[in-house]
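Q: Okay, handing you the structure first.
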Amino acid sequence: MSKLKKNLIAAAVLMAGFALAIGSYLLLAPDNRNSGGLDVQPAAEALPVRDTSHRLTEPKKSELTFVEFLDFECESCGAYYPAVEQLRKEYGDRVTFVARYFPMPGHRNGELAARTAEAAARQGKFEEMYTKLFTTQKEWGESQEWKESVFRGYAKKLGLDMDRFDADLADPEVAGRVQDDKRDGLGLGVQGTPTFFLDGERITNPASYEAFKALIDARLSD
């Protein structure tokens, strides 16, 4: 089998997987269930990205900033996750990818997952926990049971100092950090997850990986 044919097959598999995710989770419509959740008010001067925001890539010369307001328990976010990771691999040396918390109402463990990621960030392990939470979402998401013990297990696997992790998880400043992201999102008109911004402009969620890639290519060519 030629190298070109192998590459085409791999690309077809990737696109098929993303198409299946769209069909399964209705990616064109963000998850916007409205019971429970964080009760916060929109930021008076909301920004899509701040100096303290978590950057998944930091290119030497950034040509574009890609921001996602996300909920680790959101099925649509989980469906988009492989595409975002592929975009990171392709454009990480040119585009700054930023992840911001926006735990949605109706998700029992969404806010806890965000605090888990933030507690991990305090030990320099945000990206590792971000990856862990999305790649295991089917194991803990959409549950009405409190999953703190599950998240503590992830922290142990990542080699975190557990005494410090537990203290940070309960720290009001960590909860406040999550709330600050949500305030910015609300102030920017975010109503569901995932919501994406390119250089501060909110975009309609692309219907396919190819559409997402084309949109970024167009921005980079401007």
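Naming scheme: A, B, ... for chains in displayed order of the structure tokens; residues 1 onward per chain; ligands 1 onward as shown.
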Show which residues sit within 8 Å of Asp181 (chain A), as an MDAnalysis selection string. Count only C-alpha atoms, and ignore same-chain residues fewer than 3 positions away.
A: chainID A and resid 100:102 177:178 184:185
Q: What lies within 12 Å of Arg50 (chain A) using only C-alpha atoms, ignoring chain neighbours under 2 positions off, as a VMD selection string?
A: chain A and resid 45 to 48 52 to 55 65 67 98 to 100 177 180 to 181 184 to 185 200
Q: With all heavy atoms retained, write the just-selected residues as a compact mmCIF listing (two decimals), in the first residue's frame.
A:
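Now in result_3.txt:
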# COMPACT_ATOMS: atom_id res chain seq x y z
N GLU A 45 -16.51 43.91 32.56
CA GLU A 45 -15.61 44.10 31.41
C GLU A 45 -15.06 42.73 31.00
O GLU A 45 -13.94 42.38 31.33
CB GLU A 45 -14.49 45.08 31.76
CG GLU A 45 -14.99 46.48 32.10
CD GLU A 45 -13.85 47.43 32.42
OE1 GLU A 45 -12.68 47.04 32.28
OE2 GLU A 45 -14.14 48.59 32.79
N ALA A 46 -15.88 41.99 30.31
CA ALA A 46 -15.53 40.61 29.96
C ALA A 46 -14.48 40.56 28.86
O ALA A 46 -14.49 41.36 27.93
CB ALA A 46 -16.78 39.86 29.51
N LEU A 47 -13.56 39.60 28.99
CA LEU A 47 -12.52 39.39 28.00
C LEU A 47 -12.48 37.91 27.61
O LEU A 47 -12.64 37.04 28.46
CB LEU A 47 -11.15 39.79 28.57
CG LEU A 47 -10.94 41.26 28.93
CD1 LEU A 47 -9.59 41.44 29.62
CD2 LEU A 47 -11.02 42.13 27.68
N PRO A 48 -12.24 37.61 26.33
CA PRO A 48 -12.15 36.21 25.92
C PRO A 48 -10.91 35.51 26.45
O PRO A 48 -10.90 34.29 26.63
CB PRO A 48 -12.15 36.29 24.39
CG PRO A 48 -11.69 37.67 24.08
CD PRO A 48 -12.18 38.53 25.20
N THR A 52 -4.05 35.32 32.96
CA THR A 52 -4.08 34.13 33.81
C THR A 52 -4.75 32.92 33.16
O THR A 52 -4.79 31.84 33.74
CB THR A 52 -4.83 34.44 35.12
OG1 THR A 52 -6.15 34.93 34.80
CG2 THR A 52 -4.09 35.48 35.94
N SER A 53 -5.27 33.10 31.95
CA SER A 53 -5.97 32.00 31.28
C SER A 53 -4.99 30.88 30.94
O SER A 53 -3.81 31.12 30.68
CB SER A 53 -6.65 32.50 30.00
OG SER A 53 -7.63 33.47 30.29
N HIS A 54 -5.51 29.66 30.91
CA HIS A 54 -4.65 28.50 30.65
C HIS A 54 -4.41 28.33 29.15
O HIS A 54 -5.34 28.10 28.38
CB HIS A 54 -5.30 27.24 31.22
CG HIS A 54 -5.37 27.24 32.71
ND1 HIS A 54 -4.25 27.33 33.51
CD2 HIS A 54 -6.43 27.19 33.56
CE1 HIS A 54 -4.60 27.32 34.77
NE2 HIS A 54 -5.92 27.24 34.84
N ARG A 55 -3.14 28.43 28.79
CA ARG A 55 -2.74 28.29 27.39
C ARG A 55 -2.20 26.88 27.16
O ARG A 55 -1.28 26.45 27.83
CB ARG A 55 -1.69 29.35 27.06
CG ARG A 55 -2.29 30.75 27.01
CD ARG A 55 -1.24 31.84 27.18
NE ARG A 55 -1.81 33.17 26.99
CZ ARG A 55 -2.53 33.82 27.91
NH1 ARG A 55 -2.77 33.27 29.09
NH2 ARG A 55 -3.01 35.02 27.65
N THR A 65 -5.35 33.63 18.14
CA THR A 65 -5.71 33.10 19.46
C THR A 65 -7.04 32.37 19.37
O THR A 65 -8.05 32.94 18.96
CB THR A 65 -5.79 34.22 20.50
OG1 THR A 65 -4.52 34.87 20.60
CG2 THR A 65 -6.14 33.66 21.87
N VAL A 67 -9.81 30.38 21.52
CA VAL A 67 -10.31 30.22 22.88
C VAL A 67 -11.54 29.32 22.89
O VAL A 67 -12.45 29.51 22.07
CB VAL A 67 -10.67 31.59 23.51
CG1 VAL A 67 -11.25 31.41 24.91
CG2 VAL A 67 -9.44 32.50 23.55
N VAL A 98 -6.34 28.33 23.96
CA VAL A 98 -6.67 28.69 25.33
C VAL A 98 -7.92 27.94 25.78
O VAL A 98 -8.91 27.87 25.05
CB VAL A 98 -6.91 30.21 25.47
CG1 VAL A 98 -7.24 30.58 26.91
CG2 VAL A 98 -5.69 30.99 24.97
N ALA A 99 -7.86 27.36 26.97
CA ALA A 99 -9.02 26.66 27.55
C ALA A 99 -9.55 27.45 28.73
O ALA A 99 -8.79 27.82 29.63
CB ALA A 99 -8.62 25.26 28.00
N ARG A 100 -10.85 27.72 28.73
CA ARG A 100 -11.47 28.46 29.82
C ARG A 100 -12.67 27.68 30.36
O ARG A 100 -13.41 27.04 29.61
CB ARG A 100 -11.90 29.86 29.37
CG ARG A 100 -10.75 30.68 28.80
CD ARG A 100 -11.01 32.15 28.87
NE ARG A 100 -11.05 32.63 30.26
CZ ARG A 100 -11.33 33.90 30.58
NH1 ARG A 100 -11.60 34.79 29.63
NH2 ARG A 100 -11.36 34.28 31.84
N ARG A 177 -11.60 31.03 40.87
CA ARG A 177 -10.94 31.05 39.56
C ARG A 177 -11.86 30.48 38.49
O ARG A 177 -11.94 31.01 37.37
CB ARG A 177 -9.64 30.24 39.65
CG ARG A 177 -8.89 30.06 38.34
CD ARG A 177 -8.31 31.38 37.83
NE ARG A 177 -7.56 31.13 36.61
CZ ARG A 177 -8.12 30.87 35.42
NH1 ARG A 177 -9.44 30.87 35.29
NH2 ARG A 177 -7.37 30.65 34.36
N ASP A 180 -14.57 33.05 37.85
CA ASP A 180 -14.09 34.19 37.06
C ASP A 180 -14.16 33.89 35.57
O ASP A 180 -14.54 34.76 34.77
CB ASP A 180 -12.65 34.54 37.45
CG ASP A 180 -12.57 35.22 38.81
OD1 ASP A 180 -13.61 35.70 39.31
OD2 ASP A 180 -11.45 35.29 39.37
N ASP A 181 -13.78 32.67 35.19
CA ASP A 181 -13.88 32.29 33.78
C ASP A 181 -15.33 32.33 33.32
O ASP A 181 -15.65 32.82 32.23
CB ASP A 181 -13.32 30.89 33.57
CG ASP A 181 -11.83 30.88 33.27
OD1 ASP A 181 -11.17 31.93 33.47
OD2 ASP A 181 -11.31 29.84 32.84
N ASP A 184 -16.61 35.86 32.72
CA ASP A 184 -16.18 36.37 31.42
C ASP A 184 -17.04 35.78 30.31
O ASP A 184 -17.48 36.50 29.40
CB ASP A 184 -14.70 36.03 31.17
CG ASP A 184 -13.75 37.12 31.62
OD1 ASP A 184 -14.20 38.27 31.82
OD2 ASP A 184 -12.55 36.83 31.77
N GLY A 185 -17.26 34.46 30.38
CA GLY A 185 -18.08 33.83 29.35
C GLY A 185 -19.47 34.43 29.27
O GLY A 185 -19.96 34.77 28.19
N GLY A 200 -10.83 36.87 19.59
CA GLY A 200 -11.85 37.65 20.29
C GLY A 200 -13.22 37.64 19.65
O GLY A 200 -14.17 38.18 20.21
Q: Just want the 12 Å neighbourhood of Arg202 (chain A), counted on only C-alpha atoms, with same-chain residues fewer than 4 positions away dropped. Output as JSON, numbers by chain.
A: {"A": [47, 48, 65, 66, 67, 68, 69, 185, 188, 189, 190, 191, 194, 195, 196, 197, 198, 206]}
Q: Could you write those residues out with N, CA and C atoms, as a PDB file, in the first residue's frame?
A:
ATOM      1  N   LEU A  47     -13.563  39.600  28.993  1.00  0.00           N
ATOM      2  CA  LEU A  47     -12.518  39.390  28.002  1.00  0.00           C
ATOM      3  C   LEU A  47     -12.476  37.913  27.611  1.00  0.00           C
ATOM      4  N   PRO A  48     -12.237  37.612  26.334  1.00  0.00           N
ATOM      5  CA  PRO A  48     -12.151  36.207  25.917  1.00  0.00           C
ATOM      6  C   PRO A  48     -10.911  35.514  26.453  1.00  0.00           C
ATOM      7  N   THR A  65      -5.352  33.628  18.137  1.00  0.00           N
ATOM      8  CA  THR A  65      -5.705  33.097  19.458  1.00  0.00           C
ATOM      9  C   THR A  65      -7.037  32.372  19.374  1.00  0.00           C
ATOM     10  N   PHE A  66      -7.010  31.121  19.770  1.00  0.00           N
ATOM     11  CA  PHE A  66      -8.174  30.229  19.727  1.00  0.00           C
ATOM     12  C   PHE A  66      -8.604  29.966  21.162  1.00  0.00           C
ATOM     13  N   VAL A  67      -9.813  30.375  21.518  1.00  0.00           N
ATOM     14  CA  VAL A  67     -10.309  30.225  22.883  1.00  0.00           C
ATOM     15  C   VAL A  67     -11.536  29.322  22.887  1.00  0.00           C
ATOM     16  N   GLU A  68     -11.546  28.377  23.810  1.00  0.00           N
ATOM     17  CA  GLU A  68     -12.723  27.527  23.992  1.00  0.00           C
ATOM     18  C   GLU A  68     -13.239  27.660  25.418  1.00  0.00           C
ATOM     19  N   PHE A  69     -14.491  28.058  25.573  1.00  0.00           N
ATOM     20  CA  PHE A  69     -15.170  27.983  26.862  1.00  0.00           C
ATOM     21  C   PHE A  69     -15.783  26.594  26.924  1.00  0.00           C
ATOM     22  N   GLY A 185     -17.263  34.463  30.379  1.00  0.00           N
ATOM     23  CA  GLY A 185     -18.081  33.833  29.355  1.00  0.00           C
ATOM     24  C   GLY A 185     -19.474  34.433  29.272  1.00  0.00           C
ATOM     25  N   LEU A 188     -19.520  37.729  27.677  1.00  0.00           N
ATOM     26  CA  LEU A 188     -19.284  37.668  26.232  1.00  0.00           C
ATOM     27  C   LEU A 188     -20.445  37.030  25.479  1.00  0.00           C
ATOM     28  N   GLY A 189     -21.489  36.657  26.223  1.00  0.00           N
ATOM     29  CA  GLY A 189     -22.663  36.085  25.587  1.00  0.00           C
ATOM     30  C   GLY A 189     -22.639  34.581  25.438  1.00  0.00           C
ATOM     31  N   VAL A 190     -21.709  33.915  26.122  1.00  0.00           N
ATOM     32  CA  VAL A 190     -21.668  32.456  26.065  1.00  0.00           C
ATOM     33  C   VAL A 190     -22.900  31.895  26.766  1.00  0.00           C
ATOM     34  N   GLN A 191     -23.607  31.009  26.097  1.00  0.00           N
ATOM     35  CA  GLN A 191     -24.820  30.413  26.660  1.00  0.00           C
ATOM     36  C   GLN A 191     -24.722  28.899  26.764  1.00  0.00           C
ATOM     37  N   PRO A 194     -19.515  23.554  23.715  1.00  0.00           N
ATOM     38  CA  PRO A 194     -18.387  24.481  23.700  1.00  0.00           C
ATOM     39  C   PRO A 194     -18.739  25.750  22.937  1.00  0.00           C
ATOM     40  N   THR A 195     -18.114  26.850  23.312  1.00  0.00           N
ATOM     41  CA  THR A 195     -18.200  28.091  22.559  1.00  0.00           C
ATOM     42  C   THR A 195     -16.779  28.521  22.233  1.00  0.00           C
ATOM     43  N   PHE A 196     -16.555  28.830  20.955  1.00  0.00           N
ATOM     44  CA  PHE A 196     -15.208  29.141  20.478  1.00  0.00           C
ATOM     45  C   PHE A 196     -15.098  30.614  20.061  1.00  0.00           C
ATOM     46  N   PHE A 197     -13.919  31.165  20.314  1.00  0.00           N
ATOM     47  CA  PHE A 197     -13.574  32.513  19.878  1.00  0.00           C
ATOM     48  C   PHE A 197     -12.259  32.456  19.111  1.00  0.00           C
ATOM     49  N   LEU A 198     -12.205  33.170  17.997  1.00  0.00           N
ATOM     50  CA  LEU A 198     -10.960  33.326  17.251  1.00  0.00           C
ATOM     51  C   LEU A 198     -10.597  34.798  17.256  1.00  0.00           C
ATOM     52  N   PRO A 206     -18.167  24.975  14.010  1.00  0.00           N
ATOM     53  CA  PRO A 206     -18.050  24.313  12.705  1.00  0.00           C
ATOM     54  C   PRO A 206     -18.701  22.935  12.724  1.00  0.00           C
TER      55      PRO A 206
END
Q: Taking the chain letters and numbering used in this document, name the residues of region 19-129 of chain A that DSSP puts in strand (DSSP E or B), as a PyMOL selection string.
A: chain A and resi 31+54-55+64-70+95-101
Q: So which residues touch Glu111 (chain A) within 12 Å, counting only C-alpha atoms, skipping near sequence neighbours fewer than 6 positions away, as an mmCIF file with all heavy atoms, in the first residue's frame?
A:
data_model
loop_
_atom_site.group_PDB
_atom_site.id
_atom_site.type_symbol
_atom_site.label_atom_id
_atom_site.label_comp_id
_atom_site.auth_asym_id
_atom_site.auth_seq_id
_atom_site.Cartn_x
_atom_site.Cartn_y
_atom_site.Cartn_z
ATOM 1 N N GLY A 36 -29.679 24.064 38.074
ATOM 2 C CA GLY A 36 -28.534 23.963 38.978
ATOM 3 C C GLY A 36 -27.342 24.717 38.432
ATOM 4 O O GLY A 36 -27.435 25.571 37.579
ATOM 5 N N GLY A 37 -26.126 24.385 38.946
ATOM 6 C CA GLY A 37 -24.904 24.991 38.440
ATOM 7 C C GLY A 37 -24.489 26.218 39.211
ATOM 8 O O GLY A 37 -25.084 26.594 40.214
ATOM 9 N N LEU A 38 -23.421 26.847 38.716
ATOM 10 C CA LEU A 38 -22.889 28.029 39.371
ATOM 11 C C LEU A 38 -23.802 29.224 39.164
ATOM 12 O O LEU A 38 -24.265 29.487 38.063
ATOM 13 C CB LEU A 38 -21.498 28.368 38.799
ATOM 14 C CG LEU A 38 -20.361 27.406 39.134
ATOM 15 C CD1 LEU A 38 -19.102 27.863 38.423
ATOM 16 C CD2 LEU A 38 -20.128 27.350 40.625
ATOM 17 N N ASP A 39 -24.054 29.958 40.222
ATOM 18 C CA ASP A 39 -24.861 31.162 40.151
ATOM 19 C C ASP A 39 -23.919 32.359 40.193
ATOM 20 O O ASP A 39 -23.578 32.855 41.266
ATOM 21 C CB ASP A 39 -25.863 31.206 41.312
ATOM 22 C CG ASP A 39 -26.762 32.428 41.240
ATOM 23 O OD1 ASP A 39 -26.817 33.058 40.165
ATOM 24 O OD2 ASP A 39 -27.382 32.755 42.257
ATOM 25 N N LEU A 70 -15.393 25.827 27.933
ATOM 26 C CA LEU A 70 -15.720 24.408 27.951
ATOM 27 C C LEU A 70 -16.211 23.933 29.312
ATOM 28 O O LEU A 70 -15.982 24.561 30.335
ATOM 29 C CB LEU A 70 -14.497 23.583 27.534
ATOM 30 C CG LEU A 70 -13.232 23.724 28.390
ATOM 31 C CD1 LEU A 70 -13.231 22.776 29.587
ATOM 32 C CD2 LEU A 70 -11.989 23.483 27.544
ATOM 33 N N ASP A 71 -16.883 22.792 29.246
ATOM 34 C CA ASP A 71 -17.324 22.064 30.435
ATOM 35 C C ASP A 71 -16.816 20.641 30.249
ATOM 36 O O ASP A 71 -17.145 19.981 29.257
ATOM 37 C CB ASP A 71 -18.853 22.107 30.512
ATOM 38 C CG ASP A 71 -19.443 21.300 31.664
ATOM 39 O OD1 ASP A 71 -18.705 20.505 32.282
ATOM 40 O OD2 ASP A 71 -20.641 21.460 31.941
ATOM 41 N N PHE A 72 -16.005 20.155 31.172
ATOM 42 C CA PHE A 72 -15.420 18.829 31.029
ATOM 43 C C PHE A 72 -16.471 17.713 30.989
ATOM 44 O O PHE A 72 -16.196 16.630 30.479
ATOM 45 C CB PHE A 72 -14.438 18.555 32.170
ATOM 46 C CG PHE A 72 -13.184 19.371 32.087
ATOM 47 C CD1 PHE A 72 -12.959 20.402 32.995
ATOM 48 C CD2 PHE A 72 -12.235 19.120 31.121
ATOM 49 C CE1 PHE A 72 -11.792 21.163 32.927
ATOM 50 C CE2 PHE A 72 -11.072 19.869 31.037
ATOM 51 C CZ PHE A 72 -10.842 20.904 31.947
ATOM 52 N N GLU A 73 -17.672 17.986 31.499
ATOM 53 C CA GLU A 73 -18.724 16.976 31.497
ATOM 54 C C GLU A 73 -19.630 17.078 30.273
ATOM 55 O O GLU A 73 -20.449 16.192 30.030
ATOM 56 C CB GLU A 73 -19.559 17.049 32.780
ATOM 57 C CG GLU A 73 -20.453 15.846 32.990
ATOM 58 C CD GLU A 73 -21.122 15.811 34.351
ATOM 59 O OE1 GLU A 73 -20.862 16.711 35.178
ATOM 60 O OE2 GLU A 73 -21.897 14.870 34.604
ATOM 61 N N CYS A 74 -19.481 18.143 29.523
ATOM 62 C CA CYS A 74 -20.325 18.376 28.354
ATOM 63 C C CYS A 74 -20.000 17.381 27.247
ATOM 64 O O CYS A 74 -18.853 17.284 26.802
ATOM 65 C CB CYS A 74 -20.119 19.816 27.872
ATOM 66 S SG CYS A 74 -20.711 20.154 26.212
ATOM 67 N N TYR A 101 -12.847 27.762 31.666
ATOM 68 C CA TYR A 101 -13.902 26.999 32.337
ATOM 69 C C TYR A 101 -15.273 27.635 32.126
ATOM 70 O O TYR A 101 -15.434 28.842 32.233
ATOM 71 C CB TYR A 101 -13.643 26.952 33.845
ATOM 72 C CG TYR A 101 -12.280 26.457 34.257
ATOM 73 C CD1 TYR A 101 -11.421 27.278 34.984
ATOM 74 C CD2 TYR A 101 -11.838 25.174 33.934
ATOM 75 C CE1 TYR A 101 -10.176 26.841 35.398
ATOM 76 C CE2 TYR A 101 -10.599 24.720 34.341
ATOM 77 C CZ TYR A 101 -9.766 25.563 35.066
ATOM 78 O OH TYR A 101 -8.536 25.126 35.465
ATOM 79 N N PHE A 102 -16.254 26.779 31.857
ATOM 80 C CA PHE A 102 -17.636 27.239 31.797
ATOM 81 C C PHE A 102 -18.548 26.072 32.169
ATOM 82 O O PHE A 102 -19.311 25.546 31.351
ATOM 83 C CB PHE A 102 -17.989 27.762 30.396
ATOM 84 C CG PHE A 102 -19.199 28.664 30.372
ATOM 85 C CD1 PHE A 102 -19.085 30.021 30.630
ATOM 86 C CD2 PHE A 102 -20.458 28.154 30.106
ATOM 87 C CE1 PHE A 102 -20.202 30.859 30.606
ATOM 88 C CE2 PHE A 102 -21.581 28.958 30.082
ATOM 89 C CZ PHE A 102 -21.442 30.327 30.325
ATOM 90 N N PRO A 103 -18.476 25.604 33.439
ATOM 91 C CA PRO A 103 -19.300 24.459 33.847
ATOM 92 C C PRO A 103 -20.780 24.782 33.695
ATOM 93 O O PRO A 103 -21.257 25.810 34.151
ATOM 94 C CB PRO A 103 -18.904 24.232 35.306
ATOM 95 C CG PRO A 103 -18.289 25.525 35.768
ATOM 96 C CD PRO A 103 -17.650 26.120 34.551
ATOM 97 N N MET A 104 -21.482 23.862 33.037
ATOM 98 C CA MET A 104 -22.868 24.118 32.684
ATOM 99 C C MET A 104 -23.841 23.657 33.756
ATOM 100 O O MET A 104 -23.603 22.661 34.453
ATOM 101 C CB MET A 104 -23.208 23.397 31.376
ATOM 102 C CG MET A 104 -22.590 24.035 30.143
ATOM 103 S SD MET A 104 -23.205 25.705 29.839
ATOM 104 C CE MET A 104 -24.951 25.401 29.608
ATOM 105 N N PRO A 105 -24.964 24.351 33.884
ATOM 106 C CA PRO A 105 -26.037 23.892 34.761
ATOM 107 C C PRO A 105 -26.496 22.500 34.339
ATOM 108 O O PRO A 105 -26.485 22.152 33.169
ATOM 109 C CB PRO A 105 -27.146 24.921 34.531
ATOM 110 C CG PRO A 105 -26.449 26.134 34.026
ATOM 111 C CD PRO A 105 -25.304 25.629 33.213
ATOM 112 N N ALA A 117 -9.204 20.415 37.630
ATOM 113 C CA ALA A 117 -8.204 20.885 36.669
ATOM 114 C C ALA A 117 -7.422 22.070 37.223
ATOM 115 O O ALA A 117 -6.198 22.165 37.047
ATOM 116 C CB ALA A 117 -8.883 21.260 35.357
ATOM 117 N N GLU A 118 -8.132 22.964 37.911
ATOM 118 C CA GLU A 118 -7.454 24.139 38.465
ATOM 119 C C GLU A 118 -6.522 23.747 39.600
ATOM 120 O O GLU A 118 -5.428 24.315 39.742
ATOM 121 C CB GLU A 118 -8.487 25.162 38.939
ATOM 122 C CG GLU A 118 -7.899 26.489 39.368
ATOM 123 C CD GLU A 118 -7.120 27.189 38.270
ATOM 124 O OE1 GLU A 118 -7.404 26.956 37.072
ATOM 125 O OE2 GLU A 118 -6.201 27.971 38.607
ATOM 126 N N GLY A 141 -18.901 11.012 33.353
ATOM 127 C CA GLY A 141 -19.848 12.050 32.963
ATOM 128 C C GLY A 141 -21.294 11.590 33.019
ATOM 129 O O GLY A 141 -21.594 10.396 33.037
ATOM 130 N N TRP A 146 -21.515 11.952 43.062
ATOM 131 C CA TRP A 146 -20.378 12.849 43.260
ATOM 132 C C TRP A 146 -19.097 12.085 42.943
ATOM 133 O O TRP A 146 -18.850 11.019 43.481
ATOM 134 C CB TRP A 146 -20.382 13.324 44.701
ATOM 135 C CG TRP A 146 -19.463 14.447 45.053
ATOM 136 C CD1 TRP A 146 -18.454 14.428 45.970
ATOM 137 C CD2 TRP A 146 -19.502 15.786 44.548
ATOM 138 N NE1 TRP A 146 -17.852 15.661 46.064
ATOM 139 C CE2 TRP A 146 -18.478 16.519 45.195
ATOM 140 C CE3 TRP A 146 -20.302 16.446 43.597
ATOM 141 C CZ2 TRP A 146 -18.220 17.864 44.931
ATOM 142 C CZ3 TRP A 146 -20.044 17.777 43.335
ATOM 143 C CH2 TRP A 146 -19.025 18.471 43.988
ATOM 144 N N LYS A 147 -18.254 12.610 42.052
ATOM 145 C CA LYS A 147 -17.108 11.864 41.537
ATOM 146 C C LYS A 147 -15.753 12.351 42.088
ATOM 147 O O LYS A 147 -14.719 12.139 41.453
ATOM 148 C CB LYS A 147 -17.101 11.955 40.007
ATOM 149 C CG LYS A 147 -18.290 11.273 39.344
ATOM 150 C CD LYS A 147 -18.297 9.776 39.601
ATOM 151 C CE LYS A 147 -19.429 9.081 38.890
ATOM 152 N NZ LYS A 147 -19.405 7.618 39.084
ATOM 153 N N GLU A 148 -15.761 12.935 43.265
ATOM 154 C CA GLU A 148 -14.502 13.439 43.806
ATOM 155 C C GLU A 148 -13.470 12.324 43.965
ATOM 156 O O GLU A 148 -12.280 12.525 43.696
ATOM 157 C CB GLU A 148 -14.731 14.122 45.155
ATOM 158 C CG GLU A 148 -13.464 14.724 45.746
ATOM 159 C CD GLU A 148 -13.728 15.541 46.995
ATOM 160 O OE1 GLU A 148 -14.899 15.890 47.253
ATOM 161 O OE2 GLU A 148 -12.758 15.829 47.712
ATOM 162 N N LEU A 169 -8.336 21.791 46.127
ATOM 163 C CA LEU A 169 -9.673 21.477 45.646
ATOM 164 C C LEU A 169 -10.748 22.142 46.514
ATOM 165 O O LEU A 169 -11.808 22.535 46.025
ATOM 166 C CB LEU A 169 -9.881 19.961 45.634
ATOM 167 C CG LEU A 169 -11.090 19.429 44.863
ATOM 168 C CD1 LEU A 169 -10.985 19.754 43.374
ATOM 169 C CD2 LEU A 169 -11.217 17.920 45.056
ATOM 170 N N VAL A 174 -9.697 28.640 44.395
ATOM 171 C CA VAL A 174 -9.785 27.766 43.223
ATOM 172 C C VAL A 174 -11.205 27.832 42.649
ATOM 173 O O VAL A 174 -11.390 27.958 41.427
ATOM 174 C CB VAL A 174 -9.396 26.320 43.592
ATOM 175 C CG1 VAL A 174 -9.776 25.350 42.481
ATOM 176 C CG2 VAL A 174 -7.899 26.238 43.865
ATOM 177 N N ALA A 175 -12.201 27.750 43.508
ATOM 178 C CA ALA A 175 -13.586 27.893 43.046
ATOM 179 C C ALA A 175 -13.793 29.265 42.412
ATOM 180 O O ALA A 175 -14.479 29.389 41.391
ATOM 181 C CB ALA A 175 -14.546 27.694 44.212
ATOM 182 N N GLY A 176 -13.182 30.288 43.002
ATOM 183 C CA GLY A 176 -13.304 31.632 42.465
ATOM 184 C C GLY A 176 -12.679 31.757 41.092
ATOM 185 O O GLY A 176 -13.185 32.497 40.228
ATOM 186 N N ARG A 177 -11.600 31.033 40.874
ATOM 187 C CA ARG A 177 -10.936 31.052 39.558
ATOM 188 C C ARG A 177 -11.858 30.481 38.486
ATOM 189 O O ARG A 177 -11.944 31.012 37.368
ATOM 190 C CB ARG A 177 -9.637 30.245 39.650
ATOM 191 C CG ARG A 177 -8.892 30.060 38.339
ATOM 192 C CD ARG A 177 -8.311 31.376 37.834
ATOM 193 N NE ARG A 177 -7.562 31.126 36.607
ATOM 194 C CZ ARG A 177 -8.121 30.875 35.424
ATOM 195 N NH1 ARG A 177 -9.441 30.869 35.292
ATOM 196 N NH2 ARG A 177 -7.367 30.647 34.356
ATOM 197 N N VAL A 178 -12.568 29.418 38.820
ATOM 198 C CA VAL A 178 -13.538 28.835 37.896
ATOM 199 C C VAL A 178 -14.671 29.827 37.635
ATOM 200 O O VAL A 178 -15.100 30.041 36.497
ATOM 201 C CB VAL A 178 -14.096 27.515 38.455
ATOM 202 C CG1 VAL A 178 -15.225 26.982 37.574
ATOM 203 C CG2 VAL A 178 -12.980 26.480 38.581
ATOM 204 N N GLN A 179 -15.151 30.450 38.690
ATOM 205 C CA GLN A 179 -16.242 31.417 38.562
ATOM 206 C C GLN A 179 -15.821 32.623 37.726
ATOM 207 O O GLN A 179 -16.625 33.156 36.946
ATOM 208 C CB GLN A 179 -16.694 31.858 39.946
ATOM 209 C CG GLN A 179 -17.372 30.753 40.741
ATOM 210 C CD GLN A 179 -17.566 31.100 42.202
ATOM 211 O OE1 GLN A 179 -17.284 32.218 42.630
ATOM 212 N NE2 GLN A 179 -18.019 30.134 42.991
ATOM 213 N N ASP A 181 -13.778 32.668 35.189
ATOM 214 C CA ASP A 181 -13.881 32.292 33.779
ATOM 215 C C ASP A 181 -15.332 32.326 33.322
ATOM 216 O O ASP A 181 -15.651 32.825 32.235
ATOM 217 C CB ASP A 181 -13.318 30.885 33.568
ATOM 218 C CG ASP A 181 -11.828 30.882 33.267
ATOM 219 O OD1 ASP A 181 -11.167 31.926 33.475
ATOM 220 O OD2 ASP A 181 -11.312 29.837 32.842
ATOM 221 N N LYS A 182 -16.220 31.815 34.169
ATOM 222 C CA LYS A 182 -17.630 31.781 33.777
ATOM 223 C C LYS A 182 -18.203 33.194 33.675
ATOM 224 O O LYS A 182 -19.008 33.470 32.782
ATOM 225 C CB LYS A 182 -18.451 30.941 34.754
ATOM 226 C CG LYS A 182 -19.890 30.768 34.279
ATOM 227 C CD LYS A 182 -20.551 29.514 34.785
ATOM 228 C CE LYS A 182 -21.857 29.264 34.069
ATOM 229 N NZ LYS A 182 -22.541 28.040 34.489
#
Q: Can you list, as a PyMOL selection string, every residue of region 45-90 of chain A that DSSP puts in helix (DSSP H, G or I)?
A: chain A and resi 75-90
Q: Which of these, A:Lys61, A:Arg183, A:Gly159, A:Thr131, has the shortest distance to Ala43 (chain A) once you count only C-alpha atoms?
A: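 Going through A:Lys61, A:Arg183, A:Gly159, A:Thr131 one by one, the smallest distance to Ala43 (chain A) is for A:Arg183.
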Q: Between CA of Tyr209 (chain A) and CA of Cys77 (chain A), what is the distance in Å, rounded to a tenth?
A: 13.7 Å
Q: Can you measure CA of Val40 (chain A) to CA of Thr135 (chain A) for me? One decimal in Å is fine.
A: 28.2 Å
Q: How far is it from CA of Pro42 (chain A) to CA of Glu201 (chain A), in Å with one decimal?
A: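 For CA of Pro42 (chain A) relative to CA of Glu201 (chain A), the distance reads 17.6 Å.
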